[in-house]
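Presented below is the structure to which this report refers.
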Amino acid sequence: MHTDRFKKLRKGPLSDLFSKKEVSAIWRKIVRGQLRSLDFKDLFDHYDFNYNIEERAAAIRNEILNGTYRVSLPLIYRLEKKYGICRHIVIPQPVDALVLQVLVECIAEQIIKHQPSENAFYSRDKHSIGKPHDAAEYGLSFRKQWKKLQKEIYRFNEEKKLLVVTDLSNYYDSISINELKKVFLGYLSNNEVLVDILFHVIAEISWKPDYLPYSERGLPTSNLEAIRLLAHSFLFEIDEVLKQRTNNSFTRWMDDIVIGVDERKEAIEIISSVSDMLKSRGLALNLSKTSIYNSKEAYYHFQIEENKYLDSLENKKKGDPNYNKITTELKRKFKIHFQDKSPKYWDKIAKRYITAFGKMESTKLLTEISNIYLNYPGLRQNLIIYLSKIGYKKQTAKKIEEILINIDVFDDISLYQICALITAWEIPLNTDTKDFLSRVDKHLIGEAFKHNNSAHFYSVLWFKAKYDHPSELLKFVKKYQNFWQSDSFLRRQVTAVMSRLLVTNSKDVDALLYTQISSGVTNTVSLANQIQLFSQLNKLDAKLCFYLFPKNPQRPYPLPKFLVLCSVLNSEKIRTNEDIKKSILENIKDPYYRKWLDSQYNIN
């Protein structure tokens with residue numbers, strides 16, 4: 001039941017904001033890319049949501065305006081930082097991620113207008129930017145922001161005698177939601193209802209273990225723009241004080257702060273002042289990471305010499321003259337870098353080295369990769385990207401096996417990252433690779449059911465979705481049906497895999513799909529219905545063709561997109577269409593995808 005306050009005062013702004021056209025556009029331009037960039041990906045690429053986005057946008061609008069909008073259960077997983085200590089990362093459902101972004105699009109400009117200094121940075125998600133003035137208006141990309149931050153650090157090192165470096169202790173976890181909301185409302189005018197919805201979503205997606213009540217402390221850690229904006233804006237008052245006290249000689253990247261000063265006394269006064277301000281908001285400086293550096297120390301801790309060296313390699317690539325000499329020197333410097341881990345920004349430079357090896361497609365990092373992967377969890381994502389650029393080779397396969405055999409898995413993501421890498425590789429069909437995949441499969445099964453971890457089951461499912469014969473994949477799905485049906489996230493992911501099984505065993509898979517439709521789990525019901533509807537298609541419409549067969553063919557062809565393709569190939573009229581067959585073979589080069597296309601759909 002609503003009061004007249006909602007009907008007369010609150011509904012109007014919401015009606016203007018949540019228009020069907022605007023919600024659909026924000027999904028296509030931003031949110032779909034956000035979800036694709038997250039650590040855990042959807043095995044159907046949320047394509048059931050995307051294909052029906054206009055209807056979904058209308059439904060979201062109606063729920064918001066009728067006051068019936070409810071936040072869905074998010075996916076929360078663990079990401080290891082060090083020594084088995086993990087962050088809890090939140091992935092909202094597509095509807096909730098979309099609602100958050102719609103709100104951000106409305107209020108971000110007002111918030112950023114209150115930012116005291118241009119030297120404070122946070123990363124905004126990409127829009128489709130076509131004109132230079134649009135880019136300037138919207139803000140810099142992550143990479144450009146980071147480069148600008150580096151330039152500011154260089155400037156301080158040259159112009160100021162001392163550098164103060166500090167960050168906040170457990171920043172996201174320590175934020176008082178009530179204090180944040182109070183500060184946030186102060187930056188906005190006539191948008192109370194938008195802020196109420198924003199903070200309602202924040203409260204509902206926050207980690208609340210063991211039936212404990214919501215603590216109203218801590219922003220959920222998530223790579224979504226709305227949450228980054230909240231965290232960024234909470235420190236504007238710190239920016240204002242630093243701007244005045246240092247004549248704008250500071251930079252802040254979220255909660256990492258660098259301040260340029262001329263005297264040690266001035267540095268200590270500023271640290272003390274900032275500390276007191278933070279305490280008044282329930283926050284604290286991380287004293288173990290707070291230091292005052294002179295010019296020589298700053299040069300060392302910011303690794304300026306190594307940054308300059310790595311900058312010089314930006315345009316180097318495989319095939320350049322002196323390629324072997326360049327990569328040999330890169331390897332030598334990388335090994336030296338690992339001998340001294342005391343610089344404050346050691347890990348950032350280590351990541352830059354790994355990126356340089358990947359850009360130049362050099363295999364010279366492979367000799368070190370297993371040891372680094374096992375002992376430095378913070379570098380794992382970069383190493384996975386490196387291995388994806390190198391691609392499948394006997395040497396890379398051997399290293400992945402070494403890692404799988406020796407890794408102690410304390411989080412939810414490490415095993416998935418390895419499985420996602422192996423499925424992204426275009427692995428040839430031969431006896432050696434068959435044996436390699438068989439050994440990986442055996443190891444993954446053992447690891448996944450050691451602790452009945454749903455994230456590890458998902459990792460195995462991702463691997464099997466590409467490499468298992470349909471009969472083996474169906475056997476696996478049915479064997480563990482009780483396990484995956486008890487988890488709403490797994491239920492959807494297994495349903496996505498059924499798109500590849502429907503044509504080979506329609507009776508059993510139809511029964512499984514019917515069970516998912518009867519489950520009442522919204523995201524699973526939507527997907528099961530979509531798989532059945534696609535199996536009855538008479539022709540591919542323009543948006544399906546554009547999605548499955550983009551103008552520039554994708555290499556590698558994504559596994560979720562392959563499952564969407566399988567769902568439309570379950571229609572006899574689609575899989576027997578010669579033009580579609582031609583498009584498929586032009587776009588898909590992966591040997592295993594081609595194997596299943598031949599055996600399951602007679603496309604060869």
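Order determines the names: the first chain of the structure tokens is A, the second B, and so forth; residues in each chain are numbered 1 upward, and ligands are numbered 1 upward as they are shown.
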### Task
Considering only C-alpha atoms, return as a VMD selection string whatever protein or nucleic-acid residues lie within 6 Å of Leu163 in chain A, sequence-local ones (same chain, fewer than 6 positions apart) excluded.
chain A and resid 259 to 260 292 to 293
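Within 8 Å of range 182-195 of chain A there are Arg10, Pro13, Leu14, Leu103, Ile107, Gln110, Ile111, His114, Asn178, Glu179, Leu180, Ile197, Leu198, Phe199, Leu230, Ser233 and Phe234 of chain A, counting only C-alpha atoms and ignoring same-chain residues fewer than 2 positions away.
Put simply, CA of Lys335 in chain A is 21.7 Å away from CA of Glu297 in chain A.
Distance check against Leu502 in chain A using only C-alpha atoms: of A:Val568, A:Leu38, A:Ile405, A:Val261, the minimum falls on A:Val568.
Take the candidates A:His46, A:Asn286, A:Asn602, A:Lys450 and check each one against Lys561 in chain A using only C-alpha atoms; the shortest distance goes to A:His46.
If only C-alpha atoms are the atoms counted, then among A:Ala356, A:Ala284, A:Ala298, A:Ile175 the closest residue to Lys317 in chain A is A:Ala356.
Among A:Glu159, A:Asp48, A:Asp320, A:Glu269, the residue with the shortest atom-to-atom distance to Gln532 in chain A, counting only C-alpha atoms, is A:Asp48.
The space between CA of Leu474 in chain A and CA of Gly520 in chain A spans 22.6 Å.
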### Message
To test your reading of the structure, identify every residue in range 78-312 of chain A that backbone DSSP assigns to strand (DSSP E or B), and report it as an MDAnalysis selection string.
### Response
chainID A and resid 78:82 85:91 120:121 162:168 176 217 221 250:253 256:261 285 291:294
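For the set A:Leu548, A:Leu374, A:Gly33, A:Ser174, the residue with the smallest atom-to-atom gap to Leu415 in chain A is A:Leu374, counting only C-alpha atoms.
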Compile the contact shell of Asn248 in chain A as a PDB file with all heavy atoms, in the first residue's frame: residues with an atom at most 8 Å away, counting only C-alpha atoms, same-chain residues fewer than 3 positions apart removed.
ATOM      1  N   SER A 117      38.234  18.452  -6.294  1.00  0.00           N
ATOM      2  CA  SER A 117      39.485  18.479  -7.050  1.00  0.00           C
ATOM      3  C   SER A 117      39.444  17.499  -8.211  1.00  0.00           C
ATOM      4  O   SER A 117      38.933  16.388  -8.085  1.00  0.00           O
ATOM      5  CB  SER A 117      40.662  18.126  -6.131  1.00  0.00           C
ATOM      6  OG  SER A 117      41.848  17.959  -6.888  1.00  0.00           O
ATOM      7  N   ASN A 119      41.921  16.050  -9.148  1.00  0.00           N
ATOM      8  CA  ASN A 119      42.988  15.088  -8.871  1.00  0.00           C
ATOM      9  C   ASN A 119      42.487  13.836  -8.161  1.00  0.00           C
ATOM     10  O   ASN A 119      43.290  12.982  -7.792  1.00  0.00           O
ATOM     11  CB  ASN A 119      44.080  15.741  -8.006  1.00  0.00           C
ATOM     12  CG  ASN A 119      44.884  16.759  -8.784  1.00  0.00           C
ATOM     13  OD1 ASN A 119      44.605  17.011  -9.947  1.00  0.00           O
ATOM     14  ND2 ASN A 119      45.870  17.359  -8.142  1.00  0.00           N
ATOM     15  N   LEU A 242      42.482  18.552   1.638  1.00  0.00           N
ATOM     16  CA  LEU A 242      43.800  18.359   1.028  1.00  0.00           C
ATOM     17  C   LEU A 242      44.061  19.416  -0.046  1.00  0.00           C
ATOM     18  O   LEU A 242      45.188  19.914  -0.177  1.00  0.00           O
ATOM     19  CB  LEU A 242      43.914  16.955   0.433  1.00  0.00           C
ATOM     20  CG  LEU A 242      44.007  15.799   1.432  1.00  0.00           C
ATOM     21  CD1 LEU A 242      44.000  14.460   0.706  1.00  0.00           C
ATOM     22  CD2 LEU A 242      45.261  15.927   2.297  1.00  0.00           C
ATOM     23  N   LYS A 243      43.045  19.740  -0.801  1.00  0.00           N
ATOM     24  CA  LYS A 243      43.202  20.766  -1.835  1.00  0.00           C
ATOM     25  C   LYS A 243      43.619  22.095  -1.215  1.00  0.00           C
ATOM     26  O   LYS A 243      44.529  22.781  -1.712  1.00  0.00           O
ATOM     27  CB  LYS A 243      41.890  20.920  -2.611  1.00  0.00           C
ATOM     28  CG  LYS A 243      41.949  21.960  -3.729  1.00  0.00           C
ATOM     29  CD  LYS A 243      40.612  22.042  -4.444  1.00  0.00           C
ATOM     30  CE  LYS A 243      40.653  23.079  -5.558  1.00  0.00           C
ATOM     31  NZ  LYS A 243      39.356  23.174  -6.275  1.00  0.00           N
ATOM     32  N   GLN A 244      42.965  22.478  -0.117  1.00  0.00           N
ATOM     33  CA  GLN A 244      43.274  23.748   0.534  1.00  0.00           C
ATOM     34  C   GLN A 244      44.633  23.723   1.221  1.00  0.00           C
ATOM     35  O   GLN A 244      45.402  24.684   1.148  1.00  0.00           O
ATOM     36  CB  GLN A 244      42.170  24.086   1.550  1.00  0.00           C
ATOM     37  CG  GLN A 244      40.834  24.425   0.903  1.00  0.00           C
ATOM     38  CD  GLN A 244      39.779  24.834   1.921  1.00  0.00           C
ATOM     39  OE1 GLN A 244      40.107  25.315   2.999  1.00  0.00           O
ATOM     40  NE2 GLN A 244      38.513  24.637   1.573  1.00  0.00           N
ATOM     41  N   ARG A 245      44.949  22.603   1.888  1.00  0.00           N
ATOM     42  CA  ARG A 245      46.180  22.554   2.673  1.00  0.00           C
ATOM     43  C   ARG A 245      47.421  22.369   1.814  1.00  0.00           C
ATOM     44  O   ARG A 245      48.530  22.731   2.215  1.00  0.00           O
ATOM     45  CB  ARG A 245      46.103  21.432   3.716  1.00  0.00           C
ATOM     46  CG  ARG A 245      45.043  21.681   4.785  1.00  0.00           C
ATOM     47  CD  ARG A 245      45.277  20.804   5.988  1.00  0.00           C
ATOM     48  NE  ARG A 245      46.548  21.124   6.649  1.00  0.00           N
ATOM     49  CZ  ARG A 245      46.764  21.053   7.960  1.00  0.00           C
ATOM     50  NH1 ARG A 245      45.780  20.709   8.761  1.00  0.00           N
ATOM     51  NH2 ARG A 245      47.942  21.315   8.469  1.00  0.00           N
TER      52      ARG A 245
END
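Among the candidates A:Ser362, A:Thr221, A:Thr396, A:Asn375, the residue lying nearest to His88 in chain A is A:Thr221 (atoms considered: only C-alpha atoms).
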